[in-house]
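Let me begin by presenting the structure, written as structure tokens, before commenting on it.
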Amino acid sequence: MQRGKCADSENVSAEESEGERFERRERSCARLMRKPRRRSEPKLIKPYTPQGMRAYLALAIAGFRRYATYRQATLAAAVTNTVFGFLRCAILFAVVDAGTGIVAGYDAPRLATFVWVGQGLIGVVLIWAPTDFADRIRTGDVVTDLLRPVDPIWQQLAVDLGRAAHAVFTRFVAPIAVGALFYPLHAPERPATYVLFVAALVMATLVCFGCRFLVNAAAYWLMDARGPQVAWTITSGFLGGLYFPLWFFPDAAAVALMLATPFPSIIQLPLDVLVERGSLGEQLAMLLVQASWVVMILALCRLVQRRGEIKLVVQGG
Amino acid sequence: MGSFTAYRHILAAQVRGQAQYRASFTIDVIGSVMFGVIDIASILVLFRVTPSLGGFAFADVFLMAALASIAFALADLVVGNVERLRVYVRGGLLDAVLVRPLGVLTQLAALDVAPRRLGRVVFGVVMLVLAVRQAQLLLTPMSLALLIVTPLAGAVIFGAVFVATATVAFWWIESGEIANGLTYGGHDFTSYPITIYGALFRRLLAYGIGFAFVAYYPALALLGRSDPLGAPAALGYAAPLAAAIIAGAAALLWRTGVRHYRSTGS
């Protein structure tokens, strides 16, 4: 697919009849299909130029403002996350009560923090997102994304980061505030933890964005990305540490999951950083794991998008 | 009789339609079973780090979870998609449903029936059989009857919760996933003994909504245990009564909602 250049096909002269316009569109579509590889690639706006920064910042602000208008939906989501917070906290506390007061290395305040901040985290990383992108691929609307002079991945990422920023002030804070009212939470002992957690939160959002992108991008090949979506919904929460800390598994399994799958980088690792499981060095190691997954997933996104664009056939009509 | 034929046709068309996309259908069936697997796996993982949960051993909790699982899966199969009501209200499809000479709720259920969810029901039944063996229950006619009636009554309770929470959409279209807290959350709640919950939370959900009757009280009766919270043993057999009450309340709420409904006018 070519991008950017096709924008001029919109400059249709006023005299042109409906039929002529239709034919011209057909021809230009045929041209696009004959040349799936990019030749004379139009220049995309680079994110690190001043112009690019403005463009992506504008997209991020748009993402923020879009979600700021969905006030009722945000409230509903925060309430739902809070209800599940009570449920999960009760279930995990039942495990603590039965034992010695510590389970898998977590004491009660750490476990409560794990649950409640986890419930807030769901909204920031948006682990269960609507399948807009897959639908756009299926319907062919994705073509308009490709026509814009911005990279399709960075464009979505900018919007998603704007959304996440909005969620930090709403869906993230609300469950934690309620949790703090009813449970003793663990306040970080080392000041550095706050900084590290912010970094972990950003990286968790990036990894989650990448995973969602990949799940949706499966539609380039499958048309209906329901299979990957179902698989993602089932595995992400369970293997990511949303329902219980992964250290409830045997240690070797927990470590293997963290290193070999991206899911713990979305939930388990940021929460472990926050509740100070281990020393500063171990916190840094967790961030390193997250950072590797950010790089790997985003690189994979690029590769998949490239192949997907070649594969993409927009149905006529 | 005429309306029965109409429903039969709607149902048959739905099933036939969904079966056309074989790959999607297979994936959905597998997915539906996997959700059940995850629930049981979570309990196994919890019991890896603790010998008992709220004073109950693994076999007891497994039995409760299996009962809750079938009840939820059955309700989800029949009326689970009523949660899409807010989409219909916003999109205006509900107008089309309202002008047809058939019941509104039954139409929605028939229109959206999801045969793929049968997978989870079957999985739940298998789990119940395993749980009965694990808990070494003595199968008397009474306990057998309880094992059959409990999931059905539980399904009615969950179905009522699905309908009642979906009704919110008549007043609040942008309610998002708020119903999930009580539907899917209700399933999580009923999978564990109610002794693990805080007093207020327990009163609201276990007694207020009647979730204690889905699995907890019937499981106590099956296991021949007395309630650590001191409720009379007879409650183990009261699930159908509780189901009737909550279903009545949900029906009332639904009627009020439909009367209140004004088209979005888009």
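Naming scheme: A, B, ... for chains in displayed order of the structure tokens; residues 1 onward per chain; ligands 1 onward as shown.
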Please report, as a PyMOL selection string, each residue of segment 168-234 of chain A to which DSSP assigns helix (DSSP H, G or I) when run on this structure's backbone.
chain A and resi 168-182+192-217+219-222+226-234
Taking 5 positions as the minimum chain separation for residues in the same chain, which residues sit within 7 Å of segment 220-222 of chain B when counting only C-alpha atoms? Answer as a PyMOL selection string.
chain B and resi 143+227+233+236
Next, the residues of the selection above should be written as an mmCIF file, in the first residue's frame with all heavy atoms.
```cif
data_model
loop_
_atom_site.group_PDB
_atom_site.id
_atom_site.type_symbol
_atom_site.label_atom_id
_atom_site.label_comp_id
_atom_site.auth_asym_id
_atom_site.auth_seq_id
_atom_site.Cartn_x
_atom_site.Cartn_y
_atom_site.Cartn_z
ATOM 1 N N SER B 143 -30.012 -36.274 47.882
ATOM 2 C CA SER B 143 -28.853 -35.498 47.429
ATOM 3 C C SER B 143 -28.805 -35.451 45.906
ATOM 4 O O SER B 143 -28.380 -34.454 45.312
ATOM 5 C CB SER B 143 -27.556 -36.088 47.990
ATOM 6 O OG SER B 143 -27.337 -37.373 47.462
ATOM 7 N N ASP B 227 -23.622 -24.642 58.970
ATOM 8 C CA ASP B 227 -23.078 -23.365 58.533
ATOM 9 C C ASP B 227 -22.239 -22.749 59.643
ATOM 10 O O ASP B 227 -22.745 -22.532 60.745
ATOM 11 C CB ASP B 227 -24.242 -22.441 58.158
ATOM 12 C CG ASP B 227 -23.748 -21.109 57.630
ATOM 13 O OD1 ASP B 227 -22.551 -21.006 57.310
ATOM 14 O OD2 ASP B 227 -24.570 -20.189 57.538
ATOM 15 N N ALA B 233 -30.004 -25.349 58.769
ATOM 16 C CA ALA B 233 -29.638 -26.286 57.705
ATOM 17 C C ALA B 233 -30.677 -26.312 56.582
ATOM 18 O O ALA B 233 -30.363 -26.635 55.443
ATOM 19 C CB ALA B 233 -29.466 -27.682 58.291
ATOM 20 N N GLY B 236 -30.380 -25.028 52.878
ATOM 21 C CA GLY B 236 -29.780 -25.789 51.796
ATOM 22 C C GLY B 236 -30.803 -26.225 50.763
ATOM 23 O O GLY B 236 -30.463 -26.476 49.608
#
```
Which residue out of B:Gly103, B:Gly248, B:Gly55, B:Gly92 has the minimum interatomic distance to chain A when only C-alpha atoms are used?
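Selected residue with least distance to chain A: B:Gly55.
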Residue with the minimum atom-to-atom distance to chain B, picked from A:Val168, A:Leu59, A:Cys89, A:Met258 with only C-alpha atoms counted, is A:Cys89
With only C-alpha atoms considered, list every residue of chain A at most 10 Å from chain B, as number ranges by chain.
A: 70-100, 103-104, 224-231, 233-235, 237-238, 243-244, 246-250
Atom CA of Arg16 of chain B to atom CA of Val122 of chain B: how many Å, to one decimal?
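Pair atom CA of Arg16 of chain B / atom CA of Val122 of chain B returns 20.4 Å.
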Fewer than 4 positions away in the same chain doesn't count, so skip those; otherwise give me all residues within 9 Å of Ala218 of chain A, counting only C-alpha atoms, as a list of chain:residue names.
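Once the nearby chain positions are removed, what remains is A:Ala134, A:Phe213, A:Leu214, A:Leu222, A:Met223, A:Asp224, A:Ala225, A:Pro228, A:Val304, A:Gly308.
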Could you tell me, as a PyMOL selection string, which residues of segment 28-273 of chain A DSSP assigns to strand (DSSP E) when given the backbone?
chain A and resi 102-103+106-107
Write the residues of the selection above to a file with N, CA and C atoms, as an mmCIF file, in the first residue's frame.
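This is the output file result-v8.cif:
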```cif
data_model
loop_
_atom_site.group_PDB
_atom_site.id
_atom_site.type_symbol
_atom_site.label_atom_id
_atom_site.label_comp_id
_atom_site.auth_asym_id
_atom_site.auth_seq_id
_atom_site.Cartn_x
_atom_site.Cartn_y
_atom_site.Cartn_z
ATOM 1 N N ILE A 102 1.491 -14.492 56.020
ATOM 2 C CA ILE A 102 2.251 -14.174 54.806
ATOM 3 C C ILE A 102 2.002 -15.297 53.813
ATOM 4 N N VAL A 103 1.746 -14.941 52.573
ATOM 5 C CA VAL A 103 1.547 -15.968 51.560
ATOM 6 C C VAL A 103 2.372 -15.615 50.335
ATOM 7 N N TYR A 106 3.970 -12.284 50.285
ATOM 8 C CA TYR A 106 3.165 -11.071 50.437
ATOM 9 C C TYR A 106 2.512 -11.079 51.820
ATOM 10 N N ASP A 107 2.639 -9.965 52.563
ATOM 11 C CA ASP A 107 1.838 -9.834 53.769
ATOM 12 C C ASP A 107 0.513 -9.179 53.388
#
```
Looking at only C-alpha atoms, which of A:Gly105, A:Pro175, A:Leu280, A:Arg54 is the one that sits closest to Asp251 of chain A?
A:Gly105
Write out as a list in words each polymer residue whose atoms come within 7 Å of Glu276 of chain A, counting only C-alpha atoms; drop sequence neighbours fewer than 3 positions from it.
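Close residues of Glu276 of chain A: Pro188, Asp272 and Val273 of chain A.
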Just write the chosen residues, N, CA and C atoms, as a CSV table (one decimal), in the first residue's frame.
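Written file, part_32.csv:
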```
chain,number,residue,atom,x,y,z
A,188,PRO,N,5.0,2.6,49.8
A,188,PRO,CA,6.4,2.3,49.5
A,188,PRO,C,7.3,2.9,50.6
A,272,ASP,N,4.6,-5.7,41.5
A,272,ASP,CA,5.7,-6.2,42.4
A,272,ASP,C,6.7,-5.0,42.6
A,273,VAL,N,6.9,-4.2,41.6
A,273,VAL,CA,7.7,-3.0,41.8
A,273,VAL,C,7.1,-2.1,42.9
```
For atom CA of Arg120 of chain B and atom CA of Ala66 of chain B, the interatomic separation in Å (one decimal)
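Going from atom CA of Arg120 of chain B over to atom CA of Ala66 of chain B, I get 11.1 Å.
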Between A:Ala129, A:Ile45, A:Val150, A:Ala187, which has the minimum distance to Val275 of chain A (counting only C-alpha atoms)?
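Smallest distance to Val275 of chain A is found for A:Ala187.
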Work out how far atom CA of Gln119 of chain A is from atom CA of Ile176 of chain A, in Å to one decimal.
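About the pair atom CA of Ile176 of chain A and atom CA of Gln119 of chain A: they are 7.8 Å apart.
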Tell me which protein, DNA and RNA residues are within 7 Å of Gly123 of chain A, counting only C-alpha atoms, leaving out same-chain ones fewer than 4 positions away, and put them as a list in words.
Ala167, Arg171 and Phe172 of chain A
Output file for the residues above (all heavy atoms, as an mmCIF file, in the first residue's frame):
```cif
data_model
loop_
_atom_site.group_PDB
_atom_site.id
_atom_site.type_symbol
_atom_site.label_atom_id
_atom_site.label_comp_id
_atom_site.auth_asym_id
_atom_site.auth_seq_id
_atom_site.Cartn_x
_atom_site.Cartn_y
_atom_site.Cartn_z
ATOM 1 N N ALA A 167 -6.929 7.915 32.021
ATOM 2 C CA ALA A 167 -7.310 6.838 32.937
ATOM 3 C C ALA A 167 -6.561 6.950 34.265
ATOM 4 O O ALA A 167 -7.089 6.579 35.314
ATOM 5 C CB ALA A 167 -7.043 5.482 32.280
ATOM 6 N N ARG A 171 -9.819 6.150 36.296
ATOM 7 C CA ARG A 171 -10.008 4.721 36.573
ATOM 8 C C ARG A 171 -8.915 4.147 37.453
ATOM 9 O O ARG A 171 -9.085 3.098 38.054
ATOM 10 C CB ARG A 171 -10.075 3.945 35.241
ATOM 11 C CG ARG A 171 -11.325 4.242 34.468
ATOM 12 C CD ARG A 171 -11.420 3.357 33.258
ATOM 13 N NE ARG A 171 -11.463 1.952 33.616
ATOM 14 C CZ ARG A 171 -11.563 0.970 32.731
ATOM 15 N NH1 ARG A 171 -11.632 1.256 31.446
ATOM 16 N NH2 ARG A 171 -11.606 -0.280 33.123
ATOM 17 N N PHE A 172 -7.745 4.796 37.491
ATOM 18 C CA PHE A 172 -6.648 4.312 38.314
ATOM 19 C C PHE A 172 -6.853 4.728 39.771
ATOM 20 O O PHE A 172 -6.729 3.925 40.693
ATOM 21 C CB PHE A 172 -5.328 4.871 37.769
ATOM 22 C CG PHE A 172 -4.105 4.377 38.485
ATOM 23 C CD1 PHE A 172 -3.739 3.047 38.421
ATOM 24 C CD2 PHE A 172 -3.312 5.253 39.211
ATOM 25 C CE1 PHE A 172 -2.610 2.587 39.068
ATOM 26 C CE2 PHE A 172 -2.179 4.802 39.859
ATOM 27 C CZ PHE A 172 -1.828 3.472 39.793
#
```
Between A:Thr144, A:Thr205, A:Thr193, A:Thr49, which one has atoms that come closest to Leu161 of chain A, using only C-alpha atoms?
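With only C-alpha atoms as the atom set, the closest residue is A:Thr205.
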Give me the residues within 12 Å of Arg84 of chain B as a PyMOL selection string, counting only C-alpha atoms and dropping any in the same chain fewer than 2 places off.
chain B and resi 79-82+86-91+93-94+108-109+111-113+162-163+165-170+173-177+179-180
